[in-house]
file input.cif (mmCIF, C-alpha atoms and all ligand atoms)
data_target
#
loop_
_atom_site.label_atom_id
_atom_site.label_comp_id
_atom_site.auth_asym_id
_atom_site.auth_seq_id
_atom_site.Cartn_x
_atom_site.Cartn_y
_atom_site.Cartn_z
CA MET A 163 101.65 94.02 135.37
CA ASN A 164 104.77 93.75 137.50
CA ILE A 165 105.31 90.41 139.23
CA VAL A 166 108.14 89.86 141.68
CA VAL A 167 109.58 86.40 142.33
CA ILE A 168 111.65 86.03 145.50
CA GLY A 169 113.09 83.17 147.50
CA ALA A 170 111.18 82.81 150.79
CA GLN A 171 113.91 80.84 152.63
CA TRP A 172 117.74 80.91 152.49
CA GLY A 173 118.04 80.78 148.70
CA ASP A 174 118.13 77.80 146.35
CA GLU A 175 114.35 77.40 146.51
CA GLY A 176 114.00 76.90 142.77
CA LYS A 177 113.44 80.53 141.73
CA GLY A 178 115.34 79.95 138.50
CA LYS A 179 112.96 77.22 137.39
CA ILE A 180 109.89 79.25 138.38
CA VAL A 181 111.08 82.42 136.62
CA ASP A 182 111.87 80.31 133.58
CA TYR A 183 108.35 78.83 133.69
CA LEU A 184 106.68 82.24 134.06
CA ALA A 185 108.97 83.98 131.57
CA GLU A 186 107.16 82.34 128.68
CA ASP A 187 104.36 84.91 129.07
CA ALA A 188 106.51 87.88 130.15
CA ASP A 189 107.70 90.76 127.95
CA LEU A 190 110.73 91.59 130.05
CA ILE A 191 112.65 89.81 132.83
CA VAL A 192 114.58 91.95 135.30
CA ARG A 193 117.02 90.59 137.87
CA PHE A 194 117.10 93.10 140.71
CA SER A 195 119.76 92.02 143.19
CA GLY A 196 122.89 90.01 143.97
CA GLY A 197 125.68 88.95 141.70
CA ALA A 198 127.66 85.85 140.78
CA ASN A 199 127.07 84.47 144.28
CA ALA A 200 123.68 83.24 143.07
CA GLY A 201 123.12 80.03 141.18
CA HIS A 202 120.00 79.24 139.18
CA THR A 203 119.51 75.89 137.49
CA ILE A 204 117.09 75.60 134.59
CA VAL A 205 116.21 72.38 132.85
CA SER A 206 114.52 72.84 129.50
CA ASN A 207 114.04 70.21 126.79
CA GLY A 208 116.59 67.99 128.50
CA GLU A 209 119.28 70.74 128.52
CA THR A 210 120.55 72.05 131.88
CA TYR A 211 121.55 75.71 132.16
CA LYS A 212 123.41 77.00 135.20
CA LEU A 213 123.06 80.75 135.52
CA HIS A 214 124.66 83.06 138.06
CA LEU A 215 124.23 86.61 136.76
CA ILE A 216 121.93 86.37 133.78
CA PRO A 217 118.17 86.39 134.40
CA SER A 218 116.46 83.08 133.75
CA GLY A 219 114.38 84.40 130.83
CA ILE A 220 117.45 84.26 128.56
CA VAL A 221 116.70 80.63 127.73
CA TYR A 222 113.74 81.76 125.56
CA PRO A 223 114.98 82.94 122.14
CA ASP A 224 112.81 86.08 122.02
CA LYS A 225 112.94 87.46 125.57
CA GLN A 226 114.66 90.66 126.69
CA VAL A 227 116.42 90.51 130.05
CA VAL A 228 117.88 93.20 132.28
CA LEU A 229 120.58 93.07 134.94
CA GLY A 230 119.18 95.62 137.36
CA THR A 231 120.43 98.53 139.43
CA GLY A 232 120.56 96.45 142.60
CA MET A 233 123.05 94.01 141.09
CA VAL A 234 126.82 93.86 141.45
CA ILE A 235 128.37 92.58 138.24
CA ASP A 236 131.68 90.84 137.73
CA PRO A 237 132.43 91.35 133.99
CA GLU A 238 134.70 88.32 133.87
CA ALA A 239 131.97 86.08 135.31
CA LEU A 240 129.33 87.67 133.08
CA PHE A 241 131.15 87.13 129.80
CA SER A 242 132.25 83.63 130.76
CA GLU A 243 128.61 82.79 131.53
CA LEU A 244 127.55 84.26 128.19
CA GLU A 245 130.17 82.15 126.42
CA THR A 246 128.86 79.02 128.14
CA ILE A 247 125.22 79.60 127.21
CA GLU A 248 126.24 80.53 123.68
CA LYS A 249 127.91 77.11 123.39
CA GLN A 250 124.60 75.65 124.57
CA GLY A 251 122.91 77.26 121.58
CA ILE A 252 121.55 80.49 123.10
CA ASN A 253 121.85 83.61 120.98
CA TRP A 254 121.97 86.49 123.47
CA SER A 255 123.00 89.38 121.27
CA ASN A 256 120.75 92.45 121.64
CA ARG A 257 118.72 90.70 124.33
CA ILE A 258 120.64 91.73 127.44
CA ARG A 259 120.65 95.19 128.97
CA ILE A 260 122.51 96.25 132.10
CA SER A 261 121.44 99.09 134.36
CA ASP A 262 123.89 101.99 134.12
CA ARG A 263 123.52 102.28 137.90
CA ALA A 264 124.61 98.67 138.61
CA HIS A 265 127.99 98.31 140.30
CA ILE A 266 131.02 96.44 139.05
CA VAL A 267 132.86 93.73 141.00
CA MET A 268 136.61 94.19 140.50
CA PRO A 269 139.08 91.27 140.81
CA ALA A 270 140.61 92.61 144.04
CA TYR A 271 137.20 92.47 145.74
CA LYS A 272 137.09 88.69 145.57
CA GLN A 273 140.36 88.16 147.43
CA LEU A 274 139.36 90.81 149.96
CA ASP A 275 135.95 89.16 150.41
CA ARG A 276 137.57 85.89 151.50
CA GLU A 277 140.14 87.63 153.69
CA MET A 278 137.48 89.70 155.45
CA ASP A 279 135.37 86.60 156.09
CA SER A 280 138.25 84.73 157.69
CA LYS A 281 138.87 87.70 160.01
CA ARG A 282 135.23 88.13 161.08
CA ARG A 283 134.21 87.38 164.67
CA ASN A 284 131.63 85.06 163.10
CA PRO A 285 132.67 83.98 159.58
CA ILE A 286 129.64 83.89 157.30
CA GLY A 287 130.93 81.34 154.81
CA THR A 288 130.74 83.76 151.88
CA THR A 289 130.81 82.42 148.32
CA GLY A 290 133.95 84.54 147.83
CA ARG A 291 132.59 86.28 144.73
CA GLY A 292 133.39 89.78 145.97
CA ILE A 293 129.75 90.58 146.62
CA GLY A 294 130.09 92.02 150.14
CA VAL A 295 133.01 94.20 149.10
CA ALA A 296 131.17 95.56 146.05
CA TYR A 297 128.13 96.49 148.14
CA SER A 298 130.43 98.05 150.79
CA MET A 299 132.11 100.15 148.10
CA LYS A 300 128.66 101.18 146.88
CA ALA A 301 127.53 102.20 150.39
CA ASN A 302 130.85 103.99 150.85
CA ARG A 303 130.16 105.90 147.61
CA ASP A 304 133.42 104.75 146.10
CA GLY A 305 132.21 102.04 143.75
CA ILE A 306 132.50 101.77 139.96
CA ARG A 307 129.21 101.73 138.09
CA ILE A 308 128.43 100.56 134.57
CA GLY A 309 127.52 104.15 133.63
CA ASP A 310 130.98 105.34 134.71
CA LEU A 311 132.56 103.39 131.87
CA SER A 312 131.46 105.98 129.34
CA ASP A 313 132.87 108.88 131.36
CA SER A 314 136.45 109.59 130.30
CA ASN A 315 137.09 111.81 133.35
CA PHE A 316 136.08 108.97 135.63
CA LEU A 317 138.20 106.47 133.71
CA ASP A 318 141.22 108.69 134.25
CA THR A 319 140.86 108.17 138.01
CA LEU A 320 141.28 104.39 137.68
CA SER A 321 144.57 102.63 138.35
CA LYS A 322 146.52 100.87 135.59
CA GLU A 323 145.43 97.45 136.92
CA GLU A 324 141.80 98.52 137.04
CA ARG A 325 141.96 99.81 133.46
CA SER A 326 143.66 96.70 132.13
CA PHE A 327 140.98 94.54 133.75
CA LEU A 328 138.09 96.63 132.44
CA ASP A 329 139.40 97.51 128.97
CA PRO A 330 138.50 94.22 127.21
CA TYR A 331 134.89 94.48 128.47
CA MET A 332 134.42 98.23 128.25
CA ASP A 333 132.77 98.62 124.80
CA LYS A 334 130.50 95.64 125.28
CA LEU A 335 129.33 96.82 128.71
CA VAL A 336 128.72 100.36 127.48
CA SER A 337 126.69 99.09 124.53
CA MET A 338 124.53 97.00 126.86
CA SER A 339 123.95 99.75 129.43
CA VAL A 340 120.52 101.31 129.90
CA ASN A 341 118.76 103.83 132.12
CA MET A 342 116.24 101.48 133.70
CA THR A 343 113.67 104.05 134.73
CA TYR A 344 112.85 104.87 131.13
CA LEU A 345 113.13 101.30 129.92
CA LEU A 346 110.57 100.28 132.53
CA GLU A 347 108.41 103.27 131.62
CA LYS A 348 108.22 101.86 128.08
CA HIS A 349 107.03 98.56 129.53
CA LYS A 350 104.28 100.09 131.68
CA GLY A 351 101.14 98.04 131.20
CA GLY A 352 103.19 95.11 129.87
CA LYS A 353 104.16 91.90 131.63
CA VAL A 354 107.36 92.34 133.57
CA LEU A 355 108.89 89.70 135.80
CA PHE A 356 111.30 90.76 138.54
CA GLU A 357 113.68 88.01 139.60
CA GLY A 358 115.24 88.11 143.06
CA ALA A 359 118.45 86.48 144.19
CA GLN A 360 119.25 84.43 147.29
CA GLY A 361 116.33 84.26 149.74
CA ILE A 362 114.74 86.68 152.15
CA LEU A 363 116.48 85.12 155.15
CA LEU A 364 119.75 86.20 153.49
CA ASP A 365 118.48 89.76 153.01
CA LEU A 366 120.69 92.41 154.61
CA ASP A 367 117.83 93.88 156.68
CA VAL A 368 115.18 91.23 157.24
CA GLY A 369 117.49 88.20 157.08
CA THR A 370 119.42 86.39 159.81
CA TYR A 371 122.00 89.17 160.21
CA PRO A 372 125.02 89.00 160.27
CA PHE A 373 124.75 85.65 158.44
CA VAL A 374 123.31 87.23 155.31
CA SER A 375 124.40 88.42 151.89
CA SER A 376 124.84 92.14 151.27
CA GLY A 377 122.09 92.86 148.76
CA TYR A 378 118.32 93.11 148.92
CA SER A 379 116.69 89.71 148.57
CA ALA A 380 113.36 90.97 149.88
CA SER A 381 110.54 92.05 147.56
CA ALA A 382 111.09 95.72 148.42
CA GLY A 383 114.44 95.39 146.61
CA ALA A 384 112.55 94.81 143.35
CA ALA A 385 111.48 98.44 143.44
CA LEU A 386 114.84 100.08 144.14
CA GLY A 387 116.93 97.55 142.28
CA GLY A 388 114.48 96.91 139.45
CA GLY A 389 113.74 100.45 138.31
CA ILE A 390 110.13 100.93 139.51
CA GLY A 391 108.41 102.44 142.54
CA PRO A 392 106.93 100.26 145.32
CA THR A 393 103.27 100.79 144.41
CA ASP A 394 104.00 99.52 140.91
CA ILE A 395 104.54 96.00 142.29
CA ASP A 396 101.35 94.08 141.55
CA LYS A 397 102.12 90.61 142.88
CA VAL A 398 104.83 88.97 144.95
CA LEU A 399 105.50 85.24 144.59
CA GLY A 400 107.44 83.64 147.45
CA VAL A 401 109.18 80.44 146.33
CA PHE A 402 109.86 77.85 149.03
CA LYS A 403 110.94 74.24 149.16
CA ALA A 404 108.82 71.57 150.90
CA TYR A 405 111.77 71.36 153.32
CA SER A 406 114.56 73.85 154.11
CA THR A 407 118.20 74.25 153.10
CA ARG A 408 120.94 76.68 153.90
CA VAL A 409 124.48 77.10 152.52
CA GLY A 410 127.16 78.70 154.64
CA ASN A 411 127.06 79.51 158.33
CA GLY A 412 124.32 80.91 160.51
CA PRO A 413 121.28 79.87 162.52
CA PHE A 414 118.96 77.22 161.12
CA PRO A 415 116.43 76.20 163.82
CA SER A 416 114.79 73.34 161.88
CA GLU A 417 118.06 71.78 160.65
CA PHE A 418 118.05 67.97 160.71
CA LEU A 419 119.96 66.53 163.64
CA ALA A 420 121.50 63.05 163.44
CA GLU A 421 120.48 62.20 167.02
CA ARG A 422 116.85 63.12 166.35
CA ASP A 423 116.44 62.46 162.62
CA GLY A 424 118.95 59.70 161.79
CA ASN A 425 120.29 59.98 158.23
CA LEU A 426 117.43 62.17 156.94
CA GLU A 427 119.80 64.98 155.97
CA ASP A 428 121.83 62.67 153.70
CA VAL A 429 118.67 61.20 152.18
CA ILE A 430 117.13 64.59 151.38
CA ARG A 431 120.43 66.00 150.12
CA GLU A 432 120.83 63.15 147.65
CA ILE A 433 117.22 63.04 146.41
CA GLY A 434 116.98 66.84 146.25
CA ARG A 435 120.50 67.25 144.74
CA GLU A 436 121.27 69.74 147.48
CA TYR A 437 124.71 70.93 146.42
CA GLY A 438 125.47 74.60 145.74
CA VAL A 439 125.32 75.61 142.04
CA THR A 440 127.99 78.27 142.62
CA THR A 441 130.39 76.62 145.07
CA GLY A 442 129.42 72.93 144.96
CA ARG A 443 129.16 72.96 148.76
CA PRO A 444 126.74 70.42 150.28
CA ARG A 445 123.70 72.31 151.53
CA ARG A 446 122.56 71.98 155.12
CA CYS A 447 119.04 70.50 155.15
CA GLY A 448 116.13 70.63 157.59
CA TYR A 449 112.38 70.52 158.04
CA LEU A 450 110.14 73.13 156.51
CA ASP A 451 110.15 76.02 158.98
CA LEU A 452 106.71 77.60 159.05
CA VAL A 453 107.69 80.24 161.60
CA ALA A 454 110.26 81.49 159.08
CA LEU A 455 107.90 81.12 156.10
CA ARG A 456 105.16 83.11 157.82
CA TYR A 457 107.75 85.77 158.65
CA ALA A 458 108.74 85.79 154.95
CA CYS A 459 105.10 86.33 153.96
CA LEU A 460 104.72 89.20 156.43
CA THR A 461 107.95 91.01 155.55
CA ASN A 462 107.50 90.72 151.78
CA SER A 463 103.75 91.10 151.17
CA ILE A 464 103.81 87.70 149.49
CA THR A 465 100.54 87.36 147.57
CA SER A 466 101.09 83.77 146.50
CA LEU A 467 103.42 81.01 147.57
CA VAL A 468 105.18 78.71 145.13
CA MET A 469 106.03 75.31 146.54
CA THR A 470 108.92 73.40 144.98
CA HIS A 471 110.66 70.05 145.60
CA ILE A 472 107.54 68.46 147.11
CA ASP A 473 108.42 65.31 145.10
CA VAL A 474 111.58 64.91 147.21
CA TYR A 475 109.29 63.66 150.00
CA ASP A 476 107.58 61.03 147.77
CA ASP A 477 109.01 57.99 149.60
CA MET A 478 108.64 59.24 153.17
CA ASP A 479 106.31 57.46 155.61
CA GLU A 480 105.86 60.68 157.50
CA ILE A 481 106.73 64.34 157.03
CA LYS A 482 107.39 66.85 159.77
CA VAL A 483 107.19 70.62 159.78
CA CYS A 484 108.33 73.15 162.34
CA THR A 485 105.28 75.06 163.62
CA ASP A 486 106.74 76.92 166.62
CA TYR A 487 110.03 77.68 168.31
CA GLU A 488 110.80 76.93 171.91
CA ILE A 489 113.18 79.64 173.08
CA ASP A 490 114.35 79.74 176.69
CA GLY A 491 111.30 77.69 177.73
CA GLU A 492 108.77 79.87 175.86
CA ILE A 493 106.79 78.73 172.81
CA THR A 494 106.60 81.35 170.08
CA ARG A 495 105.63 81.85 166.43
CA GLU A 496 107.67 85.05 166.16
CA PHE A 497 110.90 84.91 164.18
CA PRO A 498 113.62 86.47 166.39
CA SER A 499 115.81 89.26 165.06
CA THR A 500 119.11 88.09 166.53
CA ALA A 501 121.24 85.13 165.52
CA ALA A 502 121.89 84.40 169.21
CA LYS A 503 118.19 83.92 169.92
CA LEU A 504 117.64 81.93 166.73
CA ASN A 505 120.49 79.64 167.73
CA ARG A 506 118.63 78.88 170.97
CA ALA A 507 115.36 78.15 169.14
CA LYS A 508 114.30 74.51 169.28
CA PRO A 509 111.76 73.49 166.64
CA VAL A 510 108.33 72.22 167.71
CA LEU A 511 107.51 69.62 165.06
CA LYS A 512 104.14 68.51 163.70
CA THR A 513 103.92 65.21 161.83
CA PHE A 514 101.97 64.58 158.62
CA LYS A 515 101.34 61.25 156.92
CA GLY A 516 103.47 60.76 153.78
CA TRP A 517 101.80 60.18 150.40
CA LYS A 518 104.09 57.39 149.20
CA THR A 519 103.28 58.24 145.59
CA ASP A 520 105.44 59.46 142.71
CA LEU A 521 104.24 63.05 142.19
CA SER A 522 106.63 63.85 139.35
CA SER A 523 104.18 63.28 136.52
CA ILE A 524 101.05 64.75 138.13
CA LYS A 525 99.83 67.74 136.14
CA GLU A 526 96.78 68.95 138.07
CA TYR A 527 96.43 69.91 141.71
CA ASP A 528 93.22 67.89 142.07
CA LYS A 529 95.10 64.73 141.09
CA LEU A 530 97.55 65.04 144.01
CA PRO A 531 97.12 62.44 146.75
CA GLN A 532 95.05 63.67 149.70
CA GLU A 533 98.08 63.48 152.04
CA ALA A 534 100.00 65.95 149.83
CA LYS A 535 97.00 68.28 149.67
CA THR A 536 96.65 68.13 153.46
CA TYR A 537 100.30 69.18 153.80
CA ILE A 538 99.85 72.07 151.35
CA GLN A 539 96.57 73.22 152.90
CA TYR A 540 98.16 73.33 156.35
CA ILE A 541 100.94 75.58 155.02
CA GLU A 542 98.40 77.86 153.35
CA GLU A 543 96.34 78.19 156.51
CA TYR A 544 99.39 78.71 158.72
CA THR A 545 100.78 81.48 156.54
CA SER A 546 97.38 82.89 155.45
CA THR A 547 98.74 82.78 151.91
CA PRO A 548 97.60 80.63 148.99
CA ALA A 549 100.03 78.26 147.26
CA GLY A 550 99.39 79.30 143.66
CA ILE A 551 102.04 77.16 141.98
CA ILE A 552 103.30 73.67 142.88
CA SER A 553 106.45 72.28 141.28
CA VAL A 554 107.03 68.51 141.23
CA GLY A 555 110.33 68.28 139.35
CA TYR A 556 113.12 70.15 137.56
CA GLU A 557 111.49 70.29 134.12
CA ARG A 558 109.43 73.30 133.06
CA LYS A 559 106.44 71.06 132.40
CA GLN A 560 106.50 69.62 135.94
CA THR A 561 104.66 72.66 137.26
CA MET A 562 101.02 73.13 138.30
CA MET A 563 99.53 76.58 138.12
CA ARG A 564 96.56 76.79 140.47
CA ILE A 565 95.91 80.52 140.31
CA PRO A 566 96.16 82.35 136.96
CA LEU A 567 98.97 84.86 137.22
CA TRP A 568 98.91 87.54 134.55
CA THR A 569 95.32 88.55 135.36
CA GLU A 570 94.11 91.19 137.82
P1 LIG B 1 128.03 86.16 149.89
O1 LIG B 1 126.78 86.69 149.29
O2 LIG B 1 128.90 85.44 148.91
O3 LIG B 1 128.77 87.18 150.70
O4 LIG B 1 127.61 85.04 150.97
C1 LIG B 1 126.91 85.36 152.15
C2 LIG B 1 126.06 84.18 152.60
O5 LIG B 1 124.99 83.99 151.70
C3 LIG B 1 126.83 82.85 152.63
O6 LIG B 1 126.31 82.07 153.71
C4 LIG B 1 126.45 82.19 151.31
O7 LIG B 1 126.53 80.79 151.37
C5 LIG B 1 125.02 82.67 151.15
N1 LIG B 1 124.61 82.78 149.75
C6 LIG B 1 124.97 83.73 148.87
N2 LIG B 1 124.36 83.54 147.69
C7 LIG B 1 123.58 82.45 147.83
C8 LIG B 1 122.66 81.77 146.95
O8 LIG B 1 122.42 82.16 145.80
N3 LIG B 1 122.05 80.67 147.48
C9 LIG B 1 122.24 80.27 148.75
N4 LIG B 1 123.07 80.88 149.60
C10 LIG B 1 123.74 81.97 149.15
#
call {"tool": "encode", "arguments": {"input": "input.cif", "output": "structure tokens", "more": "lines below"}}
Ligand code: IMP
result
Amino acid sequence: MNIVVIGAQWGDEGKGKIVDYLAEDADLIVRFSGGANAGHTIVSNGETYKLHLIPSGIVYPDKQVVLGTGMVIDPEALFSELETIEKQGINWSNRIRISDRAHIVMPAYKQLDREMDSKRRNPIGTTGRGIGVAYSMKANRDGIRIGDLSDSNFLDTLSKEERSFLDPYMDKLVSMSVNMTYLLEKHKGGKVLFEGAQGILLDLDVGTYPFVSSGYSASAGAALGGGIGPTDIDKVLGVFKAYSTRVGNGPFPSEFLAERDGNLEDVIREIGREYGVTTGRPRRCGYLDLVALRYACLTNSITSLVMTHIDVYDDMDEIKVCTDYEIDGEITREFPSTAAKLNRAKPVLKTFKGWKTDLSSIKEYDKLPQEAKTYIQYIEEYTSTPAGIISVGYERKQTMMRIPLWTE
């Protein structure tokens, strides 16, 4: 069975924790998109792991992980991350494979990434990790792929600087490289987890273009970037937070506003620890946007939602969600395709009673306070999608599975 886990908002929904939780039963974990722009935090047995390139399954001692075709890989960042997790006691040797079709991020790309952003008509607020440049090189058919490193004719075309950067990593990268199609063929009938990066609203095609990343965050990317065909995807889990966050620039219709919401943004940011794992930037925060979440369900064939961070709302008297947009005097539930229109969207908010209960130690859905269940049920009905997993904290064990996953 092939299960895809994607972020259903603007990233940072808690995918890392959910993949880590589900990885226990998986045979193989494949990351299918993005690069060192991503940041996944995993808390296990009191230890915190911050991953950028390596799939979350690495924390288990016996799991195999793959950096997929859709990824762009900075060798310097990869080996520094491996060094860090090794110091944290993780033995990764022989457990990491890299698609021979994945592209390499070269040092010059990072500088160029920042320069290009500062010159854009509308700067995006890129993480500056060279991601956009690597994907541009790929689309321009001038990129360097992992598989190229074992081709001496190709290596001869590289400049001196490029060679001296790549040389220290070359043997290690070549020994880790794999043709994914045949690796995945061997795992047919097994339990494979496909881990997305960022969130679907940062996807190049379905996201809030141009304020997006350059890879595929949508579930369709799991096929191309993960080494399988689209009909081999069995389930798609869309992870979302009980509220919304966004890092970097771009439209955010349900963003908290001081004049309307007082200091709610500061409160949520502190309780939810809403600071970027990769850049440390404070995340912009807002109400849960159901117009956007429904759009995420539609564009990604999400079969089950995964709600995280619901505990962040534990002390609130009331909780609001955005149910509609008002755009130029019209009320709509359709998510517009242009940033200009999204910027004009005013959220229509619906208020729910808070539960005023500490949810962090609740282990079963039935034990949740009625107010929390009412909030969850409303989201399920609005999106016509069940919420199969509810997460009430950072730890692996603070997770409630409502719908069994690895069954037909
Ligand atoms: P880039 O991918 O570094 O070019 O950044 C493009 C946009 O996506 C910027 O607004 C970033 O803040 C945002 N972004 C990239 N990766 C992540 C992520 O993993 N979480 C949240 N936002 C991200």
call {"tool": "atom_distance", "arguments": {"input": "input.cif", "atom1": "atom CA of Asp313 of chain A", "atom2": "atom CA of Thr343 of chain A"}}
result
20.1 Å
call {"tool": "closest_residue", "arguments": {"input": "input.cif", "among": "A:Ile541, A:Leu567, A:Ile472, A:His214", "to": "Asp187 of chain A", "atoms": "all atoms listed in the file"}}
result
A:Leu567
call {"tool": "residues_near_ligand", "arguments": {"input": "input.cif", "ligand": "ligand LIG 1 (chain B)", "cutoff": "9 Å", "atoms": "only C-alpha atoms and all ligand atoms", "output": "VMD selection string"}}
result
chain A and resid 172 to 175 196 to 202 214 275 to 276 279 285 to 295 359 to 361 364 to 365 373 to 377 407 to 412 438 to 441 443 445
call {"tool": "atom_distance", "arguments": {"input": "input.cif", "atom1": "atom CA of Pro498 of chain A", "atom2": "atom CA of Thr485 of chain A"}}
result
14.4 Å
call {"tool": "residues_around", "arguments": {"input": "input.cif", "residues": "segment 398-404 of chain A", "least_positions_apart": "5", "cutoff": "6 Å", "atoms": "all atoms listed in the file", "output": "NGL selection string"}}
result
:A and (165-170 or 175 or 450 or 464-472)
call {"tool": "closest_residue", "arguments": {"input": "input.cif", "among": "A:Ser381, A:Asn284, A:Ser463, A:Ser499", "to": "Gly369 of chain A", "atoms": "all atoms listed in the file"}}
result
A:Ser499
call {"tool": "residues_around", "arguments": {"input": "input.cif", "residues": "Asp224 of chain A", "least_positions_apart": "4", "cutoff": "10 Å", "atoms": "all atoms listed in the file", "output": "count of residues only"}}
result
8
call {"tool": "atom_distance", "arguments": {"input": "input.cif", "atom1": "atom CA of Ala301 of chain A", "atom2": "atom CA of Thr231 of chain A"}}
result
13.6 Å
call {"tool": "build_atoms", "arguments": {"input": "input.cif", "residues": "segment 547-563 of chain A", "atoms": "N, CA, C and O atoms", "output": "short mmCIF file (atom, residue, chain, number, x, y, z; two decimals), in the coordinates of the input"}}
result
data_model
loop_
_atom_site.label_atom_id
_atom_site.label_comp_id
_atom_site.auth_asym_id
_atom_site.auth_seq_id
_atom_site.Cartn_x
_atom_site.Cartn_y
_atom_site.Cartn_z
N THR A 547 98.34 82.45 153.28
CA THR A 547 98.74 82.78 151.91
C THR A 547 98.49 81.57 151.00
O THR A 547 98.90 80.46 151.35
N PRO A 548 97.86 81.77 149.86
CA PRO A 548 97.60 80.63 148.99
C PRO A 548 98.87 80.12 148.29
O PRO A 548 99.78 80.90 148.03
N ALA A 549 98.91 78.83 148.04
CA ALA A 549 100.03 78.26 147.26
C ALA A 549 99.55 78.18 145.81
O ALA A 549 98.84 77.25 145.43
N GLY A 550 99.92 79.17 145.02
CA GLY A 550 99.39 79.30 143.66
C GLY A 550 100.06 78.41 142.64
O GLY A 550 99.50 78.10 141.60
N ILE A 551 101.30 78.01 142.92
CA ILE A 551 102.04 77.16 141.98
C ILE A 551 102.70 76.03 142.78
O ILE A 551 103.28 76.27 143.84
N ILE A 552 102.63 74.81 142.24
CA ILE A 552 103.30 73.67 142.88
C ILE A 552 104.22 73.05 141.83
O ILE A 552 103.80 72.76 140.71
N SER A 553 105.49 72.87 142.21
CA SER A 553 106.45 72.28 141.28
C SER A 553 106.82 70.88 141.77
O SER A 553 107.14 70.68 142.94
N VAL A 554 106.77 69.90 140.84
CA VAL A 554 107.03 68.51 141.23
C VAL A 554 108.25 67.92 140.52
O VAL A 554 108.40 66.70 140.44
N GLY A 555 109.12 68.78 140.00
CA GLY A 555 110.33 68.28 139.35
C GLY A 555 111.08 69.42 138.70
O GLY A 555 110.65 70.56 138.73
N TYR A 556 112.24 69.11 138.11
CA TYR A 556 113.12 70.15 137.56
C TYR A 556 112.62 70.71 136.22
O TYR A 556 112.92 71.83 135.87
N GLU A 557 111.91 69.89 135.47
CA GLU A 557 111.49 70.29 134.12
C GLU A 557 110.40 71.36 134.18
O GLU A 557 109.56 71.35 135.09
N ARG A 558 110.42 72.24 133.17
CA ARG A 558 109.43 73.30 133.06
C ARG A 558 108.01 72.74 133.15
O ARG A 558 107.13 73.29 133.80
N LYS A 559 107.81 71.60 132.46
CA LYS A 559 106.44 71.06 132.40
C LYS A 559 105.97 70.43 133.72
O LYS A 559 104.79 70.16 133.88
N GLN A 560 106.90 70.22 134.65
CA GLN A 560 106.50 69.62 135.94
C GLN A 560 106.06 70.72 136.91
O GLN A 560 106.58 70.84 138.02
N THR A 561 105.10 71.50 136.48
CA THR A 561 104.66 72.66 137.26
C THR A 561 103.14 72.77 137.17
O THR A 561 102.58 72.66 136.08
N MET A 562 102.48 72.97 138.31
CA MET A 562 101.02 73.13 138.30
C MET A 562 100.67 74.55 138.69
O MET A 562 101.04 75.00 139.77
N MET A 563 99.97 75.22 137.82
CA MET A 563 99.53 76.58 138.12
C MET A 563 98.10 76.50 138.64
O MET A 563 97.21 76.08 137.92
#
